[in-house]
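Engineer: Next comes the structure file input27.cif, holding mmCIF, C-alpha atoms and all ligand atoms.
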```
data_input
#
loop_
_atom_site.label_atom_id
_atom_site.label_comp_id
_atom_site.auth_asym_id
_atom_site.auth_seq_id
_atom_site.Cartn_x
_atom_site.Cartn_y
_atom_site.Cartn_z
CA MET A 1 -0.73 7.62 -18.96
CA ASN A 2 1.02 4.28 -19.09
CA LEU A 3 2.71 2.67 -16.10
CA SER A 4 5.89 2.23 -18.09
CA ASP A 5 6.14 6.05 -18.30
CA PHE A 6 7.02 6.20 -14.62
CA THR A 7 10.34 5.80 -12.85
CA VAL A 8 10.84 4.62 -9.28
CA PRO A 9 13.58 6.59 -7.48
CA ILE A 10 15.94 4.45 -5.37
CA VAL A 11 17.72 6.17 -2.50
CA THR A 12 20.39 4.81 -0.18
CA ILE A 13 19.50 5.07 3.46
CA ASN A 14 22.08 5.06 6.21
CA LEU A 15 20.81 3.26 9.24
CA PRO A 16 23.38 2.75 11.98
CA LEU A 17 21.94 -0.66 12.81
CA ALA A 18 22.14 -1.91 9.21
CA ASP A 19 25.70 -0.57 8.90
CA LYS A 20 26.68 -2.43 12.03
CA TYR A 21 25.42 -5.69 10.55
CA GLY A 22 26.96 -5.07 7.13
CA ILE A 23 23.70 -4.76 5.23
CA SER A 24 23.21 -2.17 2.52
CA VAL A 25 19.73 -0.70 2.55
CA ALA A 26 17.99 1.43 -0.03
CA MET A 27 14.44 2.61 -0.30
CA ALA A 28 12.29 2.50 -3.42
CA ARG A 29 10.40 5.79 -3.17
CA VAL A 30 7.20 4.59 -4.78
CA ASP A 31 5.48 7.16 -2.58
CA THR A 32 6.94 9.95 -4.73
CA VAL A 33 6.09 8.57 -8.18
CA HIS A 34 2.68 10.23 -8.66
CA PRO A 35 1.12 13.28 -6.97
CA LEU A 36 -2.48 11.97 -6.95
CA ALA A 37 -2.32 8.20 -6.60
CA SER A 38 0.17 7.57 -3.85
CA GLY A 39 2.58 4.66 -3.80
CA ASN A 40 1.57 1.15 -4.76
CA LYS A 41 -2.01 2.32 -5.34
CA LEU A 42 -0.88 3.91 -8.62
CA TYR A 43 0.33 0.55 -9.93
CA LYS A 44 -2.91 -1.14 -8.90
CA LEU A 45 -5.28 1.57 -10.06
CA LEU A 46 -3.89 2.52 -13.41
CA PRO A 47 -4.56 -0.81 -15.14
CA ASN A 48 -8.14 -0.76 -13.77
CA ILE A 49 -8.74 2.82 -14.86
CA ASP A 50 -7.34 2.09 -18.31
CA TYR A 51 -9.67 -0.87 -18.59
CA ALA A 52 -12.64 1.29 -17.56
CA LEU A 53 -11.79 3.97 -20.12
CA GLN A 54 -11.17 1.50 -22.93
CA ASN A 55 -14.47 -0.21 -22.28
CA ASN A 56 -16.47 3.02 -22.04
CA TYR A 57 -17.44 2.78 -18.41
CA GLN A 58 -18.69 6.09 -16.97
CA GLN A 59 -18.07 5.18 -13.36
CA ILE A 60 -15.76 3.17 -11.19
CA LEU A 61 -16.87 1.67 -7.87
CA SER A 62 -14.76 0.24 -5.09
CA PHE A 63 -14.60 -0.56 -1.38
CA GLY A 64 -12.60 0.69 1.58
CA GLY A 65 -12.33 1.70 5.20
CA ALA A 66 -12.86 5.28 6.36
CA PHE A 67 -9.14 6.12 6.16
CA SER A 68 -8.34 4.07 3.06
CA ASN A 69 -5.35 5.06 0.93
CA HIS A 70 -6.99 3.28 -1.98
CA ILE A 71 -10.22 5.29 -1.75
CA HIS A 72 -8.21 8.52 -1.51
CA ALA A 73 -6.13 7.64 -4.58
CA LEU A 74 -9.13 6.38 -6.53
CA ALA A 75 -11.14 9.57 -5.96
CA LEU A 76 -8.31 11.85 -7.09
CA TYR A 77 -7.13 9.74 -10.00
CA ALA A 78 -10.62 9.02 -11.36
CA GLN A 79 -11.42 12.73 -11.27
CA SER A 80 -8.26 13.52 -13.24
CA VAL A 81 -9.35 11.25 -16.11
CA GLY A 82 -13.02 12.25 -16.04
CA LEU A 83 -14.48 9.10 -14.49
CA GLN A 84 -17.09 9.30 -11.75
CA SER A 85 -16.20 7.37 -8.64
CA ILE A 86 -18.32 5.65 -6.01
CA ALA A 87 -17.05 4.12 -2.79
CA ILE A 88 -18.68 1.63 -0.46
CA ILE A 89 -17.28 2.64 2.92
CA ARG A 90 -17.23 0.48 6.03
CA GLY A 91 -18.61 2.56 8.88
CA GLU A 92 -20.91 5.38 9.86
CA LYS A 93 -21.71 8.61 8.06
CA GLU A 94 -19.89 10.63 10.71
CA TYR A 95 -16.60 9.54 9.10
CA ALA A 96 -17.50 11.62 6.05
CA ASN A 97 -15.80 14.64 7.61
CA ASN A 98 -12.43 13.03 8.15
CA SER A 99 -9.53 14.15 6.01
CA THR A 100 -9.45 11.08 3.73
CA LEU A 101 -13.15 11.10 2.94
CA SER A 102 -13.61 14.85 2.70
CA THR A 103 -10.78 14.91 0.15
CA ALA A 104 -12.55 12.12 -1.73
CA THR A 105 -15.88 13.94 -1.71
CA ALA A 106 -14.25 17.17 -2.82
CA ALA A 107 -12.89 15.21 -5.81
CA GLY A 108 -16.47 14.25 -6.69
CA MET A 109 -16.57 10.76 -5.20
CA ARG A 110 -19.95 9.50 -4.05
CA LEU A 111 -19.77 7.75 -0.66
CA VAL A 112 -22.10 4.97 0.43
CA PHE A 113 -21.74 3.95 4.07
CA VAL A 114 -22.48 0.36 5.04
CA ASP A 115 -22.35 -1.58 8.29
CA ARG A 116 -19.73 -4.24 9.01
CA ALA A 117 -21.97 -7.14 8.08
CA THR A 118 -22.66 -5.67 4.64
CA TYR A 119 -19.01 -4.75 4.13
CA LYS A 120 -18.05 -8.35 4.85
CA ARG A 121 -19.96 -9.35 1.73
CA ARG A 122 -17.69 -7.31 -0.55
CA TYR A 123 -16.39 -10.45 -2.33
CA ASP A 124 -19.78 -12.24 -2.53
CA LYS A 125 -21.08 -12.81 -6.04
CA ASP A 126 -24.71 -12.00 -5.25
CA TYR A 127 -23.83 -8.78 -3.44
CA LEU A 128 -21.63 -7.72 -6.35
CA GLN A 129 -24.45 -8.52 -8.81
CA GLN A 130 -26.84 -6.44 -6.77
CA LEU A 131 -24.40 -3.52 -6.79
CA GLN A 132 -23.91 -3.88 -10.53
CA GLN A 133 -27.68 -3.61 -11.04
CA GLN A 134 -27.77 -0.55 -8.84
CA TYR A 135 -24.82 1.04 -10.69
CA PRO A 136 -25.05 -0.33 -14.24
CA GLU A 137 -22.53 2.20 -15.58
CA ALA A 138 -19.83 1.25 -13.08
CA LEU A 139 -16.78 -0.94 -13.32
CA ILE A 140 -16.57 -2.60 -9.90
CA ILE A 141 -13.08 -3.20 -8.57
CA PRO A 142 -12.21 -4.95 -5.29
CA GLU A 143 -10.98 -3.37 -2.07
CA GLY A 144 -7.46 -1.99 -2.40
CA GLY A 145 -7.84 -2.05 -6.21
CA SER A 146 -6.61 -5.64 -5.96
CA SER A 147 -8.05 -7.05 -9.17
CA GLU A 148 -6.29 -9.43 -11.56
CA LEU A 149 -5.31 -6.37 -13.60
CA ALA A 150 -3.54 -4.97 -10.56
CA LEU A 151 -1.25 -8.00 -10.56
CA GLN A 152 0.12 -6.88 -13.92
CA GLY A 153 0.65 -3.37 -12.59
CA CYS A 154 2.58 -4.63 -9.57
CA THR A 155 4.63 -6.95 -11.77
CA GLU A 156 5.62 -3.84 -13.72
CA LEU A 157 6.53 -2.17 -10.40
CA MET A 158 9.10 -4.89 -9.72
CA ARG A 159 10.60 -4.42 -13.18
CA GLN A 160 10.87 -0.70 -12.57
CA ILE A 161 12.54 -1.20 -9.21
CA ASN A 162 15.12 -3.50 -10.78
CA LYS A 163 15.60 -1.15 -13.71
CA SER A 164 16.26 1.82 -11.41
CA CYS A 165 18.66 -0.27 -9.31
CA LEU A 166 20.60 -1.35 -12.40
CA GLN A 167 20.89 2.24 -13.59
CA ARG A 168 22.08 3.30 -10.17
CA ASP A 169 24.88 0.84 -9.50
CA ASP A 170 24.67 -1.97 -12.03
CA SER A 171 23.15 -4.47 -9.65
CA ILE A 172 19.76 -5.64 -8.49
CA PRO A 173 18.90 -6.18 -4.81
CA ASP A 174 18.92 -9.72 -3.44
CA THR A 175 15.97 -8.92 -1.20
CA VAL A 176 12.98 -6.64 -1.70
CA ALA A 177 10.70 -5.93 1.26
CA VAL A 178 7.09 -4.77 0.99
CA ALA A 179 4.17 -4.23 3.38
CA CYS A 180 1.06 -6.34 2.73
CA GLY A 181 -2.64 -5.73 3.19
CA THR A 182 -4.42 -7.81 0.56
CA GLY A 183 -1.07 -9.24 -0.63
CA MET A 184 -1.59 -8.09 -4.22
CA THR A 185 1.44 -5.83 -4.39
CA PHE A 186 3.58 -8.57 -2.89
CA SER A 187 2.27 -11.08 -5.46
CA GLY A 188 3.10 -8.72 -8.31
CA LEU A 189 6.61 -8.15 -7.00
CA MET A 190 7.10 -11.92 -6.72
CA ASN A 191 5.83 -12.33 -10.23
CA GLY A 192 8.24 -9.73 -11.59
CA ALA A 193 11.27 -10.79 -9.55
CA GLN A 194 14.36 -12.43 -11.01
CA PRO A 195 14.90 -16.08 -10.02
CA ASP A 196 17.70 -15.21 -7.56
CA GLN A 197 15.75 -12.48 -5.78
CA THR A 198 13.73 -12.92 -2.61
CA VAL A 199 10.65 -10.88 -1.86
CA GLN A 200 9.71 -10.56 1.79
CA GLY A 201 6.20 -9.53 2.73
CA TYR A 202 5.21 -7.89 6.02
CA LEU A 203 1.55 -8.44 6.76
CA VAL A 204 -0.09 -5.65 8.76
CA VAL A 205 -3.52 -7.26 9.05
CA LYS A 206 -4.46 -10.24 11.20
CA ASP A 207 -5.71 -12.21 8.24
CA HIS A 208 -4.43 -15.70 7.70
CA SER A 209 -6.20 -15.99 4.37
CA VAL A 210 -3.71 -13.61 2.72
CA ALA A 211 -1.01 -16.26 2.25
CA LYS A 212 -3.57 -18.57 0.64
CA ARG A 213 -4.68 -15.81 -1.73
CA VAL A 214 -1.07 -15.14 -2.69
CA ASP A 215 -0.58 -18.86 -3.40
CA ASP A 216 -3.68 -18.93 -5.61
CA LEU A 217 -2.63 -15.81 -7.47
CA LEU A 218 0.85 -17.08 -8.12
CA ALA A 219 -0.18 -20.62 -9.01
CA ASN A 220 -1.12 -19.39 -12.48
CA HIS A 221 2.23 -17.77 -13.07
CA SER A 222 5.33 -19.62 -14.11
CA GLN A 223 7.89 -17.84 -11.94
CA HIS A 224 6.43 -19.03 -8.67
CA GLN A 225 9.21 -19.18 -6.10
CA PRO A 226 9.25 -19.84 -2.38
CA TYR A 227 8.52 -16.65 -0.51
CA LYS A 228 8.51 -15.31 3.00
CA MET A 229 5.65 -13.53 4.67
CA HIS A 230 6.06 -12.19 8.18
CA TYR A 231 3.35 -11.14 10.59
CA ALA A 232 3.87 -7.48 11.37
CA ASP A 233 0.52 -6.17 12.60
CA LEU A 234 2.02 -5.02 15.95
CA GLY A 235 -1.17 -5.35 17.95
CA GLY A 236 -3.68 -5.16 15.09
CA TYR A 237 -4.44 -3.34 11.85
CA ALA A 238 -4.11 0.45 12.26
CA LYS A 239 -3.33 0.05 15.96
CA PHE A 240 -0.83 2.77 16.66
CA LYS A 241 1.12 2.89 19.89
CA ALA A 242 3.94 4.87 21.45
CA PRO A 243 6.85 2.56 20.53
CA LEU A 244 5.86 2.69 16.85
CA LEU A 245 5.66 6.48 16.90
CA GLU A 246 9.06 6.67 18.60
CA PHE A 247 10.47 4.40 15.92
CA ILE A 248 8.97 6.52 13.11
CA LEU A 249 10.46 9.70 14.56
CA GLU A 250 13.87 8.08 14.96
CA PHE A 251 13.74 6.71 11.40
CA LEU A 252 12.83 10.19 10.17
CA GLN A 253 15.77 11.66 12.05
CA GLN A 254 18.18 9.11 10.56
CA THR A 255 16.94 9.06 6.97
CA ASN A 256 14.90 12.19 6.37
CA ILE A 257 12.11 9.88 5.15
CA LEU A 258 8.66 9.79 6.71
CA LEU A 259 7.04 6.35 6.86
CA ASP A 260 3.26 5.97 6.95
CA PRO A 261 1.57 4.99 10.24
CA ILE A 262 -0.23 1.84 9.04
CA TYR A 263 1.99 -0.12 6.63
CA THR A 264 5.58 0.89 5.99
CA SER A 265 6.37 1.82 9.59
CA LYS A 266 5.35 -1.60 10.89
CA MET A 267 7.34 -3.29 8.14
CA CYS A 268 10.47 -1.27 8.91
CA TYR A 269 10.05 -1.87 12.64
CA CYS A 270 10.06 -5.61 11.97
CA ILE A 271 12.98 -5.39 9.54
CA MET A 272 15.09 -3.70 12.22
CA GLN A 273 14.24 -6.50 14.64
CA GLN A 274 15.19 -9.06 11.99
CA ILE A 275 18.50 -7.33 11.29
CA GLU A 276 19.30 -7.35 14.99
CA ALA A 277 18.40 -11.01 15.20
CA GLY A 278 20.89 -11.76 12.41
CA GLN A 279 18.26 -12.76 9.87
CA PHE A 280 19.91 -10.89 6.99
CA LYS A 281 23.27 -12.10 5.69
CA VAL A 282 26.30 -9.83 5.96
CA GLY A 283 26.78 -8.13 2.61
CA SER A 284 23.17 -8.46 1.56
CA LYS A 285 21.48 -5.77 -0.48
CA LEU A 286 18.02 -4.90 0.66
CA VAL A 287 15.55 -2.61 -1.04
CA ILE A 288 12.58 -1.55 1.07
CA VAL A 289 9.49 -0.42 -0.82
CA HIS A 290 8.00 2.83 0.44
CA SER A 291 4.47 2.13 -0.72
CA GLY A 292 3.10 5.58 0.24
CA GLY A 293 0.06 6.08 2.45
CA LEU A 294 1.17 9.34 4.02
CA GLN A 295 -2.34 10.82 3.78
CA ALA A 296 -3.34 8.49 6.63
CA TRP A 297 -1.31 10.67 9.00
CA TYR A 298 -4.08 13.29 9.01
CA GLY A 299 -6.33 10.77 10.71
CA MET A 300 -3.65 10.20 13.38
CA LYS A 301 -3.08 13.80 14.40
CA ARG A 302 -4.86 13.63 17.77
CA LYS A 303 -3.13 10.37 18.60
CA VAL A 304 0.30 11.76 17.78
CA VAL A 305 -0.26 14.88 19.87
CA MET A 306 -1.53 12.76 22.73
CA LEU A 307 1.43 10.36 22.60
CA ALA A 308 4.28 12.76 21.87
CA GLY A 309 3.02 16.33 21.89
CA ASP A 310 2.57 19.13 19.37
CA TYR A 311 6.22 19.21 18.44
CA ALA A 312 6.11 15.63 17.14
CA TRP A 313 3.06 16.44 15.05
CA GLN A 314 4.70 19.53 13.56
CA LYS A 315 7.70 17.48 12.63
CA ILE A 316 5.54 14.92 10.82
CA GLU A 317 3.34 17.54 9.19
CA GLY A 318 6.44 19.14 7.71
CA TYR A 319 6.82 16.06 5.48
CA LEU A 320 3.22 15.79 4.32
C1 LIG A 401 -2.63 -0.52 0.39
C2 LIG A 401 -1.25 -0.39 0.93
C3 LIG A 401 -0.41 -1.51 1.08
C4 LIG A 401 -0.89 -2.92 0.86
O1 LIG A 401 -1.05 -3.27 -0.48
P1 LIG A 401 -1.68 -4.70 -0.86
O2 LIG A 401 -1.48 -4.79 -2.31
O3 LIG A 401 -3.14 -4.64 -0.51
O4 LIG A 401 -1.01 -5.75 -0.08
C5 LIG A 401 0.89 -1.29 1.50
N1 LIG A 401 1.34 -0.04 1.80
C6 LIG A 401 0.54 1.04 1.70
C7 LIG A 401 1.09 2.37 2.07
C8 LIG A 401 -0.77 0.91 1.25
O5 LIG A 401 -1.56 2.00 1.17
#
```
Please lay out the structure from this file as structure tokens.
Structural biologist:
Amino acid sequence: MNLSDFTVPIVTINLPLADKYGISVAMARVDTVHPLASGNKLYKLLPNIDYALQNNYQQILSFGGAFSNHIHALALYAQSVGLQSIAIIRGEKEYANNSTLSTATAAGMRLVFVDRATYKRRYDKDYLQQLQQQYPEALIIPEGGSSELALQGCTELMRQINKSCLQRDDSIPDTVAVACGTGMTFSGLMNGAQPDQTVQGYLVVKDHSVAKRVDDLLANHSQHQPYKMHYADLGGYAKFKAPLLEFILEFLQQTNILLDPIYTSKMCYCIMQQIEAGQFKVGSKLVIVHSGGLQAWYGMKRKVVMLAGDYAWQKIEGYL
């Protein structure tokens, strides 16, 4: 499979607030592009998997939290191409039974649980060398799949978004919005954007090093433009509170689209605040990237029921 074989559907969404402020909003349904590797993870994983296959690696090893979308996508996608997968997971063995990790194990992934201090070393050269000695057959890729190869994949994603927009109504959006964790997807979109397009990133982790990493990544690429990154962690990474759930349910009601609980919901929440604060020009065309991540909802079930009852959960589950 080649990334250029895929198409990103663009759908108009009618949000009363955006209408009121004269902003046209569409969503790039990257979450629907592939059944195994959800959302942006497809664009980051595929170039890495191709590299592994071309270079005769037997295994692929990566890193993630216990509810990681990347680990979920990696396990399923690697299995489908006959590669063994190994994941270094931050946390205790008891997480192995959660929905994300039990899906991964069922797809043949081997899980290795490490404590926080060890996980913190995931970018250290000596730790990576040690892992390579332990798993000599494995291609090691960083957390989130965010390797240099992933930058190319996410650059291609931006081209596909523009291509779909052009086919739809002969124009490209002036602004594209995307949620950021490591910032790799954002960097790729920036790299693939046309000179008159703005990419806005919404950072859902409290990590001030992300902007620096984006700068470093883009420094090597000619199209480097000024960009905007907004802090959108709403109380911390994966912190999920009642107002966010209310917002997600209202958004679902208005658009028939379910956002994920960690990334896209926080981005959209912030975008609505920005629209209300007049931060988007009247007449502007905004495309919001739905980067997937819906599998994370299974880890939120108890929380949802506690905050809003069984009915809310059933409503969400109907879209999973
Ligand atoms: C991983 C993920 C992101 C963040 O991607 P980065 O390239 O790490 O910034 C955004 N949205 C969803 C749904 C994700 O799973």
Engineer: Could you check how far CA of Glu246 in chain A sits from CA of Leu307 in chain A, in Å to one decimal?
Structural biologist: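 It comes out at 9.4 Å.
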Engineer: Could you give me the axis-aligned bounding box of ligand LIG 401 (chain A), with 8 Å of padding per side, as centre plus edge lengths in Å to one decimal, as AutoDock Vina command-line options?
Structural biologist:
```
--center_x -0.9 --center_y -1.7 --center_z -0.1 --size_x 20.5 --size_y 24.1 --size_z 20.4
```
Engineer: I'd like the contact shell of Leu259 in chain A - 10 Å cut-off, all atoms listed in the file, skipping same-chain residues fewer than 4 positions apart - returned as a PyMOL selection string.
Structural biologist: chain A and resi 31+247-249+251-252+263-268+290-294+297+316+319
Engineer: Counting only C-alpha atoms, which residues have an atom no more than 12 Å from (-10.6, -1.6, -14.7) in the file's coordinates? Please list them as a PyMOL selection string.
Structural biologist: chain A and resi 44-62+74+78+83+138-142+145-150+152-153
Engineer: Could you dump the residues just selected with C-alpha atoms as a compact mmCIF listing (two decimals), keeping the file's coordinate frame?
Structural biologist:
```
# COMPACT_ATOMS: atom_id res chain seq x y z
CA LYS A 44 -2.91 -1.14 -8.90
CA LEU A 45 -5.28 1.57 -10.06
CA LEU A 46 -3.89 2.52 -13.41
CA PRO A 47 -4.56 -0.81 -15.14
CA ASN A 48 -8.14 -0.76 -13.77
CA ILE A 49 -8.74 2.82 -14.86
CA ASP A 50 -7.34 2.09 -18.31
CA TYR A 51 -9.67 -0.87 -18.59
CA ALA A 52 -12.64 1.29 -17.56
CA LEU A 53 -11.79 3.97 -20.12
CA GLN A 54 -11.17 1.50 -22.93
CA ASN A 55 -14.47 -0.21 -22.28
CA ASN A 56 -16.47 3.02 -22.04
CA TYR A 57 -17.44 2.78 -18.41
CA GLN A 58 -18.69 6.09 -16.97
CA GLN A 59 -18.07 5.18 -13.36
CA ILE A 60 -15.76 3.17 -11.19
CA LEU A 61 -16.87 1.67 -7.87
CA SER A 62 -14.76 0.24 -5.09
CA LEU A 74 -9.13 6.38 -6.53
CA ALA A 78 -10.62 9.02 -11.36
CA LEU A 83 -14.48 9.10 -14.49
CA ALA A 138 -19.83 1.25 -13.08
CA LEU A 139 -16.78 -0.94 -13.32
CA ILE A 140 -16.57 -2.60 -9.90
CA ILE A 141 -13.08 -3.20 -8.57
CA PRO A 142 -12.21 -4.95 -5.29
CA GLY A 145 -7.84 -2.05 -6.21
CA SER A 146 -6.61 -5.64 -5.96
CA SER A 147 -8.05 -7.05 -9.17
CA GLU A 148 -6.29 -9.43 -11.56
CA LEU A 149 -5.31 -6.37 -13.60
CA ALA A 150 -3.54 -4.97 -10.56
CA GLN A 152 0.12 -6.88 -13.92
CA GLY A 153 0.65 -3.37 -12.59
```
Engineer: Would you mind listing what lies within 7 Å of Pro9 in chain A as a PDB file with C-alpha atoms, in the coordinates of the input, with all atoms listed in the file counted and same-chain residues fewer than 2 positions away left out?
Structural biologist:
```pdb
ATOM      1  CA  THR A   7      10.340   5.800 -12.850  1.00  0.00           C
ATOM      2  CA  VAL A  11      17.720   6.170  -2.500  1.00  0.00           C
ATOM      3  CA  ALA A  28      12.290   2.500  -3.420  1.00  0.00           C
ATOM      4  CA  ARG A  29      10.400   5.790  -3.170  1.00  0.00           C
ATOM      5  CA  SER A 164      16.260   1.820 -11.410  1.00  0.00           C
TER       6      SER A 164
END
```
Engineer: Using all atoms listed in the file, which protein or nucleic acid residues are at most 7 Å from ligand LIG 401 (chain A), as a PDB file with C-alpha atoms, keeping the file's coordinate frame?
Structural biologist:
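selection.pdb written:
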```pdb
ATOM      1  CA  GLY A  39       2.580   4.660  -3.800  1.00  0.00           C
ATOM      2  CA  ASN A  40       1.570   1.150  -4.760  1.00  0.00           C
ATOM      3  CA  LYS A  41      -2.010   2.320  -5.340  1.00  0.00           C
ATOM      4  CA  ASN A  69      -5.350   5.060   0.930  1.00  0.00           C
ATOM      5  CA  HIS A  70      -6.990   3.280  -1.980  1.00  0.00           C
ATOM      6  CA  GLY A 144      -7.460  -1.990  -2.400  1.00  0.00           C
ATOM      7  CA  SER A 146      -6.610  -5.640  -5.960  1.00  0.00           C
ATOM      8  CA  ALA A 179       4.170  -4.230   3.380  1.00  0.00           C
ATOM      9  CA  CYS A 180       1.060  -6.340   2.730  1.00  0.00           C
ATOM     10  CA  GLY A 181      -2.640  -5.730   3.190  1.00  0.00           C
ATOM     11  CA  THR A 182      -4.420  -7.810   0.560  1.00  0.00           C
ATOM     12  CA  GLY A 183      -1.070  -9.240  -0.630  1.00  0.00           C
ATOM     13  CA  MET A 184      -1.590  -8.090  -4.220  1.00  0.00           C
ATOM     14  CA  THR A 185       1.440  -5.830  -4.390  1.00  0.00           C
ATOM     15  CA  PHE A 186       3.580  -8.570  -2.890  1.00  0.00           C
ATOM     16  CA  ASP A 260       3.260   5.970   6.950  1.00  0.00           C
ATOM     17  CA  TYR A 263       1.990  -0.120   6.630  1.00  0.00           C
ATOM     18  CA  THR A 264       5.580   0.890   5.990  1.00  0.00           C
ATOM     19  CA  SER A 291       4.470   2.130  -0.720  1.00  0.00           C
ATOM     20  CA  GLY A 292       3.100   5.580   0.240  1.00  0.00           C
ATOM     21  CA  GLY A 293       0.060   6.080   2.450  1.00  0.00           C
TER      22      GLY A 293
END
```
Engineer: Mind pulling up the distance from CA of Met158 in chain A to CA of Asn220 in chain A?
Structural biologist: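 Distance between the two atoms: 18.0 Å.
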Engineer: For each of A:Ser80, A:Gln254, A:Thr198, A:Thr175, take the minimum atom-to-atom distance to Gly108 in chain A, counting all atoms listed in the file, then give the residue where this is smallest.
Structural biologist: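 Looking only at the distances to Gly108 in chain A, the closest residue turns out to be A:Ser80.
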Engineer: Find the distance between CA of Ser68 in chain A and CA of Lys93 in chain A and write it in Å to one decimal.
Structural biologist: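 Pair CA of Ser68 in chain A / CA of Lys93 in chain A returns 15.0 Å.
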Engineer: If we count only C-alpha atoms, what is near Gly22 in chain A at a cut-off of 9 Å, once residues fewer than 6 positions away on the same chain are taken out, given as a PyMOL selection string?
Structural biologist: chain A and resi 281-284
Engineer: Which polymer residues have any atom within 12 Å of an atom of Gln274 in chain A, counting all atoms listed in the file, with same-chain residues fewer than 3 positions away left out, as a list in words?
Structural biologist: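 Surrounding residues, per the criterion: Leu17, Ala18, Tyr21, Ile23, Gln200, Tyr202, His230, Ala232, Met267, Cys268, Tyr269, Cys270, Ile271, Ala277, Gly278, Gln279, Phe280 and Lys281 of chain A.
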